[in-house]
$ cat structure.tsv   # TSV, C-alpha atoms
chain	number	residue	atom	x	y	z
E	1	MET	CA	30.91	18.58	19.35
E	2	THR	CA	32.71	15.56	20.86
E	3	GLU	CA	31.59	13.23	18.07
E	4	ASP	CA	29.94	13.34	14.67
E	5	LEU	CA	26.22	14.06	14.43
E	6	THR	CA	24.31	10.97	13.33
E	7	VAL	CA	20.76	9.77	12.94
E	8	ASP	CA	21.05	8.07	16.33
E	9	HIS	CA	21.48	11.56	17.83
E	10	LEU	CA	18.87	13.36	15.73
E	11	LEU	CA	16.10	10.82	16.30
E	12	PRO	CA	15.99	11.11	20.13
E	13	ALA	CA	16.46	14.89	19.84
E	14	GLY	CA	13.52	15.13	17.44
E	15	ILE	CA	11.39	12.91	19.65
E	16	ALA	CA	12.20	15.04	22.71
E	17	LEU	CA	11.43	18.28	20.86
E	18	GLY	CA	8.22	16.86	19.42
E	19	ALA	CA	7.16	15.62	22.84
E	20	GLY	CA	7.71	19.09	24.25
E	21	LEU	CA	5.63	20.69	21.51
E	22	LEU	CA	2.87	18.08	21.86
E	23	GLY	CA	2.87	18.56	25.62
E	24	ALA	CA	2.54	22.31	25.15
E	25	PHE	CA	-0.42	21.82	22.81
E	26	LEU	CA	-2.18	19.39	25.16
E	27	LEU	CA	-1.60	21.69	28.12
E	28	ARG	CA	-3.14	24.56	26.18
E	29	LEU	CA	-6.25	22.47	25.50
E	30	LEU	CA	-6.48	21.30	29.12
E	31	LEU	CA	-6.09	24.80	30.52
E	32	ARG	CA	-8.65	26.18	28.07
E	33	TRP	CA	-11.11	23.61	29.39
E	34	LEU	CA	-10.25	24.57	32.97
E	35	ALA	CA	-10.72	28.25	32.12
E	36	GLY	CA	-14.28	27.50	30.99
E	37	HIS	CA	-15.04	25.86	34.33
E	38	ALA	CA	-13.35	28.69	36.25
E	39	ASP	CA	-15.62	31.23	34.56
E	40	ARG	CA	-18.63	29.55	36.13
E	41	THR	CA	-17.35	29.81	39.71
E	42	ARG	CA	-18.01	32.75	42.03
E	43	TRP	CA	-14.40	33.23	43.07
E	44	SER	CA	-12.49	35.26	40.49
E	45	GLY	CA	-9.09	34.12	41.81
E	46	ASP	CA	-9.25	30.81	39.91
E	47	ASP	CA	-9.65	32.75	36.65
E	48	VAL	CA	-6.40	34.59	37.41
E	49	ILE	CA	-4.52	31.37	38.24
E	50	VAL	CA	-5.74	29.45	35.18
E	51	ALA	CA	-4.95	32.41	32.89
E	52	ALA	CA	-1.43	32.53	34.29
E	53	LEU	CA	-0.91	28.78	33.88
E	54	ARG	CA	-2.00	29.04	30.24
E	55	THR	CA	1.09	31.18	29.73
E	56	VAL	CA	3.74	29.41	31.79
E	57	ALA	CA	2.80	25.73	31.35
E	58	PRO	CA	3.20	25.52	27.53
E	59	TRP	CA	6.49	27.41	27.70
E	60	ALA	CA	7.75	25.00	30.36
E	61	ALA	CA	6.84	22.04	28.14
E	62	VAL	CA	8.65	23.58	25.16
E	63	ALA	CA	11.70	24.36	27.29
E	64	GLY	CA	11.71	20.78	28.59
E	65	GLY	CA	11.59	19.45	25.04
E	66	VAL	CA	14.47	21.71	23.96
E	67	ALA	CA	16.50	20.65	27.02
E	68	GLY	CA	15.89	16.98	26.19
E	69	ALA	CA	16.88	17.54	22.58
E	70	ALA	CA	20.07	19.32	23.63
E	71	ALA	CA	20.92	16.47	25.99
E	72	ALA	CA	20.50	13.95	23.18
E	73	LEU	CA	22.84	15.83	20.85
E	74	PRO	CA	26.63	15.41	21.13
E	75	LEU	CA	27.27	18.96	22.39
E	76	THR	CA	30.37	20.11	24.19
E	77	ARG	CA	30.17	20.84	27.90
E	78	THR	CA	30.40	24.59	27.28
E	79	VAL	CA	27.62	24.61	24.68
E	80	GLN	CA	25.46	22.33	26.83
E	81	HIS	CA	25.94	24.65	29.82
E	82	SER	CA	25.06	27.69	27.71
E	83	VAL	CA	21.90	26.05	26.36
E	84	ASN	CA	20.80	25.04	29.83
E	85	GLN	CA	21.50	28.52	31.14
E	86	VAL	CA	19.47	30.17	28.37
E	87	LEU	CA	16.57	27.80	29.02
E	88	GLN	CA	16.75	28.49	32.75
E	89	VAL	CA	16.71	32.24	32.17
E	90	LEU	CA	13.77	31.86	29.77
E	91	LEU	CA	11.81	29.81	32.27
E	92	ILE	CA	12.61	32.22	35.10
E	93	PHE	CA	11.49	35.15	32.96
E	94	VAL	CA	8.21	33.48	32.00
E	95	ALA	CA	7.62	32.32	35.58
E	96	THR	CA	8.35	35.81	36.93
E	97	VAL	CA	5.95	37.54	34.54
E	98	THR	CA	3.32	34.89	35.26
E	99	ALA	CA	3.81	35.17	39.02
E	100	ALA	CA	3.52	38.96	38.79
E	101	ARG	CA	0.22	38.59	36.94
E	102	VAL	CA	-1.10	36.02	39.42
E	103	VAL	CA	-0.13	37.98	42.52
E	104	ALA	CA	-1.41	41.27	41.07
E	105	GLY	CA	-4.66	39.61	40.04
E	106	LEU	CA	-5.16	38.03	43.45
E	107	VAL	CA	-4.43	41.33	45.20
E	108	ARG	CA	-6.91	43.06	42.92
E	109	THR	CA	-9.49	40.37	43.73
E	110	VAL	CA	-8.95	40.73	47.48
E	111	THR	CA	-9.09	44.53	47.46
E	112	THR	CA	-12.22	44.47	45.33
E	113	SER	CA	-14.02	41.97	47.55
E	114	ARG	CA	-13.10	43.83	50.73
E	115	SER	CA	-14.06	47.27	49.52
E	116	GLY	CA	-17.25	45.95	47.96
E	117	VAL	CA	-16.91	47.95	44.78
E	118	ALA	CA	-16.24	47.28	41.13
E	119	GLY	CA	-13.07	49.22	41.03
E	120	SER	CA	-9.78	48.31	42.73
E	121	ALA	CA	-6.94	50.15	44.42
E	122	THR	CA	-4.02	49.99	41.96
E	123	ILE	CA	-1.48	51.11	44.55
E	124	PHE	CA	-1.30	47.62	46.11
E	125	VAL	CA	-1.46	45.95	42.71
E	126	ASN	CA	1.45	47.98	41.35
E	127	ILE	CA	3.58	47.51	44.47
E	128	THR	CA	3.18	43.73	44.47
E	129	ARG	CA	3.84	43.51	40.73
E	130	ILE	CA	7.05	45.54	41.03
E	131	LEU	CA	8.27	43.43	43.97
E	132	VAL	CA	7.72	40.14	42.12
E	133	LEU	CA	9.42	41.44	38.96
E	134	ALA	CA	12.39	42.73	40.98
E	135	ILE	CA	12.85	39.36	42.72
E	136	GLY	CA	12.66	37.53	39.41
E	137	PHE	CA	15.24	39.89	37.88
E	138	LEU	CA	17.66	39.22	40.76
E	139	VAL	CA	17.17	35.46	40.41
E	140	MET	CA	17.97	35.70	36.69
E	141	LEU	CA	21.16	37.61	37.42
E	142	GLN	CA	22.16	35.00	39.99
E	143	THR	CA	21.48	32.24	37.43
E	144	LEU	CA	23.75	33.97	34.93
E	145	GLY	CA	26.52	34.07	37.53
E	146	VAL	CA	26.28	37.79	38.29
E	147	SER	CA	26.78	38.56	41.99
E	148	ILE	CA	23.89	40.58	43.30
E	149	ALA	CA	25.48	41.53	46.65
E	150	PRO	CA	27.33	44.59	45.28
E	151	MET	CA	24.21	45.57	43.39
E	152	LEU	CA	22.09	45.44	46.54
E	153	THR	CA	24.67	47.56	48.35
E	154	ALA	CA	24.70	50.12	45.55
E	155	LEU	CA	20.91	50.14	45.49
E	156	GLY	CA	20.83	50.80	49.23
E	157	VAL	CA	23.15	53.81	48.95
E	158	GLY	CA	21.43	55.08	45.82
E	159	GLY	CA	18.03	54.52	47.36
E	160	LEU	CA	18.86	56.96	50.15
E	161	ALA	CA	19.72	59.67	47.62
E	162	VAL	CA	16.60	58.94	45.61
E	163	ALA	CA	14.47	59.08	48.76
E	164	LEU	CA	15.82	62.54	49.59
E	165	ALA	CA	15.16	63.75	46.04
E	166	LEU	CA	11.65	62.30	45.88
E	167	GLN	CA	10.30	63.28	49.27
E	168	ASP	CA	6.95	64.52	47.95
E	169	THR	CA	6.45	61.43	45.79
E	170	LEU	CA	7.29	59.07	48.66
E	171	ALA	CA	5.06	61.07	50.99
E	172	ASN	CA	2.16	60.58	48.56
E	173	LEU	CA	3.01	56.88	48.25
E	174	PHE	CA	2.97	56.19	51.98
E	175	ALA	CA	-0.06	58.44	52.46
E	176	GLY	CA	-1.94	56.31	49.92
E	177	ILE	CA	-0.88	53.12	51.68
E	178	HIS	CA	-1.99	54.55	55.02
E	179	ILE	CA	-5.36	55.65	53.63
E	180	LEU	CA	-6.11	52.20	52.23
E	181	ALA	CA	-4.72	50.29	55.22
E	182	SER	CA	-6.82	52.33	57.66
E	183	LYS	CA	-9.91	51.81	55.44
E	184	THR	CA	-11.00	55.40	55.90
E	185	VAL	CA	-11.42	55.70	52.14
E	186	GLN	CA	-11.95	52.94	49.60
E	187	PRO	CA	-12.62	53.03	45.85
E	188	GLY	CA	-16.34	53.59	45.33
E	189	ASP	CA	-16.84	55.79	48.40
E	190	TYR	CA	-18.48	59.19	48.07
E	191	ILE	CA	-16.35	61.78	49.89
E	192	GLN	CA	-16.40	65.53	50.46
E	193	LEU	CA	-13.28	67.51	51.37
E	194	SER	CA	-13.17	70.65	53.46
E	195	SER	CA	-11.79	72.46	50.40
E	196	GLY	CA	-15.04	71.74	48.51
E	197	GLU	CA	-14.16	68.81	46.25
E	198	GLU	CA	-16.60	65.93	46.38
E	199	GLY	CA	-17.46	62.84	44.37
E	200	TYR	CA	-16.91	59.10	44.04
E	201	VAL	CA	-13.40	57.75	44.59
E	202	GLU	CA	-12.42	56.11	41.32
E	203	ASP	CA	-8.95	54.90	42.26
E	204	ILE	CA	-6.06	55.37	44.68
E	205	ASN	CA	-2.69	54.82	43.04
E	206	TRP	CA	0.90	55.33	44.17
E	207	ARG	CA	0.76	59.13	43.87
E	208	GLN	CA	-2.80	60.46	43.70
E	209	THR	CA	-6.47	59.79	44.30
E	210	THR	CA	-8.93	60.22	41.44
E	211	VAL	CA	-12.41	61.46	42.35
E	212	ARG	CA	-15.31	61.52	39.86
E	213	GLU	CA	-17.76	64.34	40.49
E	214	LEU	CA	-21.49	63.95	39.83
E	215	SER	CA	-20.92	66.00	36.67
E	216	ASN	CA	-18.52	63.20	35.50
E	217	ASN	CA	-15.48	65.48	35.80
E	218	LEU	CA	-12.37	63.90	37.32
E	219	VAL	CA	-10.61	65.61	40.22
E	220	VAL	CA	-7.03	64.51	40.91
E	221	ILE	CA	-5.95	64.92	44.55
E	222	PRO	CA	-2.42	64.12	45.81
E	223	ASN	CA	-2.53	61.45	48.50
E	224	GLY	CA	-0.61	63.64	50.94
E	225	GLN	CA	-3.19	66.42	50.61
E	226	LEU	CA	-6.05	63.95	51.01
E	227	ALA	CA	-4.52	62.51	54.18
E	228	LYS	CA	-4.21	65.98	55.73
E	229	SER	CA	-7.66	67.29	54.71
E	230	ASN	CA	-10.82	67.25	56.80
E	231	MET	CA	-13.03	64.82	54.95
E	232	THR	CA	-16.55	63.45	55.18
E	233	ASN	CA	-17.09	59.92	53.90
E	234	PHE	CA	-20.78	59.41	53.13
E	235	MET	CA	-20.34	55.65	52.64
E	236	ARG	CA	-18.86	54.76	56.03
E	237	PRO	CA	-19.59	53.31	58.46
E	238	GLU	CA	-22.88	52.76	56.61
E	239	GLN	CA	-23.88	53.46	53.05
E	240	ARG	CA	-27.46	54.39	53.93
E	241	LEU	CA	-28.06	57.90	55.21
E	242	THR	CA	-30.88	60.31	56.00
E	243	VAL	CA	-31.62	63.64	54.36
E	244	LEU	CA	-33.66	66.54	55.71
E	245	VAL	CA	-36.31	68.48	53.79
E	246	GLN	CA	-37.67	71.70	55.30
E	247	VAL	CA	-41.41	72.32	54.83
E	248	GLY	CA	-43.81	75.00	56.12
E	249	VAL	CA	-47.62	75.26	56.30
E	250	SER	CA	-49.97	78.11	57.19
E	251	TYR	CA	-51.10	78.82	60.74
E	252	ASP	CA	-54.69	77.86	60.02
E	253	SER	CA	-53.67	74.28	59.04
E	254	ASP	CA	-54.68	71.24	61.09
E	255	LEU	CA	-51.25	69.91	62.07
E	256	GLU	CA	-52.55	66.39	62.73
E	257	HIS	CA	-53.96	66.34	59.22
E	258	VAL	CA	-50.71	67.79	57.81
E	259	GLU	CA	-48.68	65.10	59.56
E	260	ARG	CA	-50.93	62.31	58.33
E	261	VAL	CA	-50.89	63.47	54.69
E	262	THR	CA	-47.13	64.04	54.72
E	263	THR	CA	-46.56	60.57	56.17
E	264	GLU	CA	-48.57	59.05	53.33
E	265	VAL	CA	-46.47	60.90	50.75
E	266	ILE	CA	-43.23	59.76	52.45
E	267	ALA	CA	-44.37	56.12	52.40
E	268	GLU	CA	-45.31	56.44	48.73
E	269	VAL	CA	-41.91	57.91	47.78
E	270	MET	CA	-39.97	55.33	49.83
E	271	THR	CA	-41.64	52.42	48.02
E	272	GLU	CA	-41.86	53.77	44.47
E	273	VAL	CA	-38.70	55.82	43.87
E	274	GLY	CA	-35.44	54.05	43.07
E	275	GLY	CA	-32.67	54.56	45.60
E	276	ALA	CA	-35.06	55.09	48.52
E	277	VAL	CA	-35.16	52.85	51.59
E	278	PRO	CA	-38.56	51.07	51.70
E	279	ASP	CA	-38.23	50.07	55.36
E	280	HIS	CA	-37.49	53.65	56.43
E	281	GLU	CA	-39.83	54.79	59.20
E	282	PRO	CA	-41.46	58.14	58.29
E	283	ALA	CA	-40.31	60.97	60.55
E	284	ILE	CA	-41.82	64.46	60.79
E	285	ARG	CA	-40.77	67.01	63.38
E	286	PHE	CA	-42.45	70.42	63.85
E	287	HIS	CA	-39.94	72.92	65.15
E	288	THR	CA	-40.60	76.62	64.31
E	289	PHE	CA	-43.29	79.30	64.54
E	290	GLY	CA	-42.15	81.43	61.63
E	291	ASP	CA	-43.28	84.82	60.35
E	292	SER	CA	-45.97	83.34	58.14
E	293	ARG	CA	-45.77	79.59	58.57
E	294	ILE	CA	-45.22	76.70	60.96
E	295	GLY	CA	-42.02	75.00	59.93
E	296	PHE	CA	-41.25	71.30	60.21
E	297	THR	CA	-38.58	68.88	59.01
E	298	VAL	CA	-39.18	65.71	57.00
E	299	ILE	CA	-36.52	62.99	57.40
E	300	LEU	CA	-36.09	60.71	54.38
E	301	GLY	CA	-33.97	57.57	54.08
E	302	VAL	CA	-31.78	57.13	50.97
E	303	GLY	CA	-29.61	54.24	49.81
E	304	GLU	CA	-26.55	56.35	49.05
E	305	PHE	CA	-25.47	59.97	48.78
E	306	SER	CA	-26.26	60.58	45.11
E	307	ASP	CA	-29.80	59.20	45.48
E	308	GLN	CA	-30.87	62.12	47.67
E	309	TYR	CA	-31.32	64.52	44.74
E	310	ARG	CA	-33.78	62.29	42.90
E	311	ILE	CA	-35.68	61.44	46.10
E	312	LYS	CA	-35.95	65.09	47.18
E	313	HIS	CA	-37.13	65.98	43.67
E	314	GLU	CA	-39.90	63.38	43.69
E	315	PHE	CA	-40.92	64.07	47.30
E	316	ILE	CA	-41.33	67.83	46.79
E	317	LYS	CA	-43.35	67.33	43.61
E	318	ARG	CA	-45.68	64.78	45.15
E	319	LEU	CA	-46.06	66.65	48.43
E	320	HIS	CA	-46.97	69.89	46.65
E	321	LYS	CA	-49.51	68.06	44.51
E	322	ARG	CA	-51.04	66.31	47.51
E	323	TYR	CA	-51.23	69.51	49.57
E	324	ARG	CA	-53.06	71.27	46.75
E	325	ALA	CA	-55.47	68.34	46.42
E	326	VAL	CA	-56.39	68.25	50.13
E	327	GLY	CA	-56.39	72.03	50.66
E	328	ILE	CA	-53.27	72.42	52.77
E	329	ARG	CA	-51.77	75.83	52.06
E	330	ILE	CA	-48.03	76.55	51.84
E	331	PRO	CA	-47.88	80.32	52.39
E	332	SER	CA	-45.39	82.53	50.67
E	333	PRO	CA	-43.36	84.92	52.88
E	334	ALA	CA	-45.35	88.06	53.74
E	335	ARG	CA	-44.69	91.22	55.77
E	336	THR	CA	-47.12	93.97	56.82
E	337	VAL	CA	-45.99	97.54	56.08
E	338	ALA	CA	-47.64	100.42	58.01
E	339	LEU	CA	-47.75	103.77	56.21
E	340	GLN	CA	-47.42	107.01	58.18
E	341	GLN	CA	-47.27	110.59	57.07
E	342	GLY	CA	-43.79	111.16	55.69
E	343	ALA	CA	-42.37	107.77	56.51
E	344	VAL	CA	-42.77	104.02	56.12
E	345	VAL	CA	-42.56	102.19	59.46
E	346	LEU	CA	-42.05	98.43	59.58
E	347	PRO	CA	-43.86	96.77	62.50
E	348	GLN	CA	-40.78	94.60	63.19
E	349	GLN	CA	-38.55	97.69	63.33
E	350	ARG	CA	-36.27	97.64	66.35
E	351	ALA	CA	-35.94	100.48	68.84
E	352	GLY	CA	-33.49	103.10	67.72
E	353	GLU	CA	-33.83	102.39	64.01
E	354	ASP	CA	-34.77	105.23	61.69
E	355	SER	CA	-37.91	105.35	59.60
E	356	VAL	CA	-37.71	105.27	55.84
E	357	PRO	CA	-38.84	108.65	54.43
E	358	LEU	CA	-41.31	108.68	51.57
E	359	GLY	CA	-40.38	110.58	48.45
$ encode --input "structure.tsv" --output "structure tokens"
Amino acid sequence: MTEDLTVDHLLPAGIALGAGLLGAFLLRLLLRWLAGHADRTRWSGDDVIVAALRTVAPWAAVAGGVAGAAAALPLTRTVQHSVNQVLQVLLIFVATVTAARVVAGLVRTVTTSRSGVAGSATIFVNITRILVLAIGFLVMLQTLGVSIAPMLTALGVGGLAVALALQDTLANLFAGIHILASKTVQPGDYIQLSSGEEGYVEDINWRQTTVRELSNNLVVIPNGQLAKSNMTNFMRPEQRLTVLVQVGVSYDSDLEHVERVTTEVIAEVMTEVGGAVPDHEPAIRFHTFGDSRIGFTVILGVGEFSDQYRIKHEFIKRLHKRYRAVGIRIPSPARTVALQQGAVVLPQQRAGEDSVPLG
């Protein structure tokens, strides 16, 4: 110290420190009140910003109070410089962590709103968080007087070696970025790969894509493999889709009557079963004279891919019940067998085929 410590030094220092603590307390109360109002808004970004300010603002007030107290004390230039440097590093650290939270939260909000699902793509969130933390770390080093130019050079040379050693990992990283940027797949989509895996996309991170099957099992697929696979996305360009149900009736049925009854059942299912599309126009198409039946296709509208199983289930049950009630017969497959002496001959037997000997 350059002079003796007296009450004239301690009083302003105590006032400055107390003011910093009081300011931190008042800021906490103010930001808590703002957080309550932010919860009632539709935009979730204000919740992220207010939550981040609740961390950084009180610390800034405390650091300001400590800086004021240090300025009021008779400290040497070296000690004063060290105190200021420590406070700067502390503020930079808190601001960096807060900024990383804010940016990551905003990115998560944007990706969620654009994909229209509850989940979010963590690959963008993690990349932005790492970038913000890296910039804050470099600023702290610069504040401490450490030159970052040689470090950046070393990182550039080392990064080349790391890139060569982590080719598969980097390939998965950029494949994930490409998948999300092209919007071919988003979290919440129902996809089916040519290799047989299918389910809802839970998340796309820096290395892999997690798919939840209808059985609630998780399938982990590397992003590079997903980018190279033939894939069907049942949610794009539209979430609604149509499913086909094959039906057959006997030859003695009145097809006009069959069409009318089936249309009534379709309308009933579309309005009463969850996941169906009420405004779907009933569609029935006769297409085949079969061995024992006239076949036709019923086209049903469903809200999303997984709804088709419940809708098919209810439609088949109700259609079978209605057909039995009105006397429409659904024949079982039948084939006529002609018996001859020493052999069984099928009427549909092609020329050149042998008969089947009896006993």
$ residues_around --input "structure.tsv" --residues "segment 267-275 of chain E" --least-positions-apart "6" --cutoff "8 Å" --atoms "all atoms listed in the file" --output "list in words"
Pro282, Gly301, Val302, Gly303, Glu304, Asp307, Ile311, Glu314 and Phe315 of chain E
$ closest_residue --input "structure.tsv" --among "E:Gly295, E:Pro150, E:Gly224, E:Gly23" --to "Tyr251 of chain E" --atoms "all atoms listed in the file"
E:Gly295
$ residues_around --input "structure.tsv" --residues "segment 86-99 of chain E" --least-positions-apart "3" --cutoff "8 Å" --atoms "only C-alpha atoms" --output "list in words"
Ala52, Leu53, Thr55, Val56, Trp59, Ala60, Ala63, Ala67, Ser82, Val83, Val102, Val103, Val132, Leu133, Gly136, Phe137, Val139, Met140, Thr143 and Leu144 of chain E
$ residues_around --input "structure.tsv" --residues "Asn233 of chain E" --least-positions-apart "3" --cutoff "7 Å" --atoms "only C-alpha atoms" --output "short mmCIF file (atom, residue, chain, number, x, y, z; two decimals) with C-alpha atoms, in the coordinates of the input"
data_model
loop_
_atom_site.label_atom_id
_atom_site.label_comp_id
_atom_site.auth_asym_id
_atom_site.auth_seq_id
_atom_site.Cartn_x
_atom_site.Cartn_y
_atom_site.Cartn_z
CA ASP E 189 -16.84 55.79 48.40
CA TYR E 190 -18.48 59.19 48.07
CA ILE E 191 -16.35 61.78 49.89
CA GLN E 192 -16.40 65.53 50.46
CA ARG E 236 -18.86 54.76 56.03
#
$ atom_distance --input "structure.tsv" --atom1 "atom CA of Thr242 of chain E" --atom2 "atom CA of Arg285 of chain E"
14.0 Å
$ closest_residue --input "structure.tsv" --among "E:Val298, E:Trp206, E:Arg240, E:Gly196" --to "Val277 of chain E" --atoms "all atoms listed in the file"
E:Arg240
$ atom_distance --input "structure.tsv" --atom1 "atom CA of Ser194 of chain E" --atom2 "atom CA of Asn230 of chain E"
5.3 Å
$ closest_residue --input "structure.tsv" --among "E:Asn223, E:Lys312, E:Leu319, E:Glu202" --to "Arg260 of chain E" --atoms "only C-alpha atoms"
E:Leu319
$ atom_distance --input "structure.tsv" --atom1 "atom CA of Phe286 of chain E" --atom2 "atom CA of Arg322 of chain E"
18.9 Å
$ closest_residue --input "structure.tsv" --among "E:Ala104, E:Ile204, E:Val211, E:Ile328" --to "Ser253 of chain E" --atoms "only C-alpha atoms"
E:Ile328
$ closest_residue --input "structure.tsv" --among "E:Arg54, E:Gly145, E:Val243, E:Ile316" --to "Ala283 of chain E" --atoms "all atoms listed in the file"
E:Val243
$ axis_aligned_box --input "structure.tsv" --around "segment 265-272 of chain E" --padding-each-side "4 Å" --output "AutoDock Vina command-line options"
--center_x -43.2 --center_y 56.7 --center_z 48.5 --size_x 14.5 --size_y 16.5 --size_z 16.0
$ residues_near_point --input "structure.tsv" --point "(-45.3, 76.6, 59.4)" --cutoff "7 Å" --atoms "all atoms listed in the file" --output "PyMOL selection string"
chain E and resi 248-251+288-290+292-296
$ write_last_selection --input "structure.tsv" --atoms "C-alpha atoms" --output "PDB file, keeping the file's coordinate frame"
ATOM      1  CA  GLY E 248     -43.810  75.000  56.120  1.00  0.00           C
ATOM      2  CA  VAL E 249     -47.620  75.260  56.300  1.00  0.00           C
ATOM      3  CA  SER E 250     -49.970  78.110  57.190  1.00  0.00           C
ATOM      4  CA  TYR E 251     -51.100  78.820  60.740  1.00  0.00           C
ATOM      5  CA  THR E 288     -40.600  76.620  64.310  1.00  0.00           C
ATOM      6  CA  PHE E 289     -43.290  79.300  64.540  1.00  0.00           C
ATOM      7  CA  GLY E 290     -42.150  81.430  61.630  1.00  0.00           C
ATOM      8  CA  SER E 292     -45.970  83.340  58.140  1.00  0.00           C
ATOM      9  CA  ARG E 293     -45.770  79.590  58.570  1.00  0.00           C
ATOM     10  CA  ILE E 294     -45.220  76.700  60.960  1.00  0.00           C
ATOM     11  CA  GLY E 295     -42.020  75.000  59.930  1.00  0.00           C
ATOM     12  CA  PHE E 296     -41.250  71.300  60.210  1.00  0.00           C
TER      13      PHE E 296
END
$ closest_residue --input "structure.tsv" --among "E:Arg318, E:Glu238, E:Ser306, E:Ala276" --to "Leu214 of chain E" --atoms "all atoms listed in the file"
E:Ser306
$ build_atoms --input "structure.tsv" --residues "segment 224-240 of chain E" --atoms "N, CA and C atoms" --output "compact mmCIF listing (two decimals), keeping the file's coordinate frame"
# COMPACT_ATOMS: atom_id res chain seq x y z
N GLY E 224 -1.02 62.91 49.75
CA GLY E 224 -0.61 63.64 50.94
C GLY E 224 -1.63 64.70 51.33
N GLN E 225 -2.18 65.40 50.33
CA GLN E 225 -3.19 66.42 50.61
C GLN E 225 -4.48 65.79 51.12
N LEU E 226 -4.85 64.63 50.56
CA LEU E 226 -6.05 63.95 51.01
C LEU E 226 -5.92 63.48 52.45
N ALA E 227 -4.72 63.00 52.81
CA ALA E 227 -4.52 62.51 54.18
C ALA E 227 -4.58 63.64 55.19
N LYS E 228 -4.24 64.86 54.79
CA LYS E 228 -4.21 65.98 55.73
C LYS E 228 -5.51 66.77 55.75
N SER E 229 -6.43 66.50 54.82
CA SER E 229 -7.66 67.29 54.71
C SER E 229 -8.73 66.75 55.65
N ASN E 230 -9.60 67.66 56.11
CA ASN E 230 -10.82 67.25 56.80
C ASN E 230 -11.79 66.71 55.76
N MET E 231 -12.27 65.51 55.98
CA MET E 231 -13.03 64.82 54.95
C MET E 231 -14.24 64.15 55.56
N THR E 232 -15.33 64.18 54.81
CA THR E 232 -16.55 63.45 55.18
C THR E 232 -16.74 62.31 54.20
N ASN E 233 -16.84 61.10 54.72
CA ASN E 233 -17.09 59.92 53.90
C ASN E 233 -18.55 59.51 54.09
N PHE E 234 -19.35 59.67 53.03
CA PHE E 234 -20.78 59.41 53.13
C PHE E 234 -21.12 57.93 52.98
N MET E 235 -20.11 57.09 52.78
CA MET E 235 -20.34 55.65 52.64
C MET E 235 -19.96 54.85 53.88
N ARG E 236 -19.34 55.49 54.85
CA ARG E 236 -18.86 54.76 56.03
C ARG E 236 -19.26 55.51 57.29
N PRO E 237 -19.61 54.76 58.33
CA PRO E 237 -19.59 53.31 58.46
C PRO E 237 -20.75 52.60 57.79
N GLU E 238 -21.74 53.36 57.27
CA GLU E 238 -22.88 52.76 56.61
C GLU E 238 -23.21 53.54 55.37
N GLN E 239 -23.59 52.81 54.32
CA GLN E 239 -23.88 53.46 53.05
C GLN E 239 -25.20 54.22 53.09
N ARG E 240 -26.18 53.70 53.82
CA ARG E 240 -27.46 54.39 53.93
C ARG E 240 -27.30 55.67 54.76
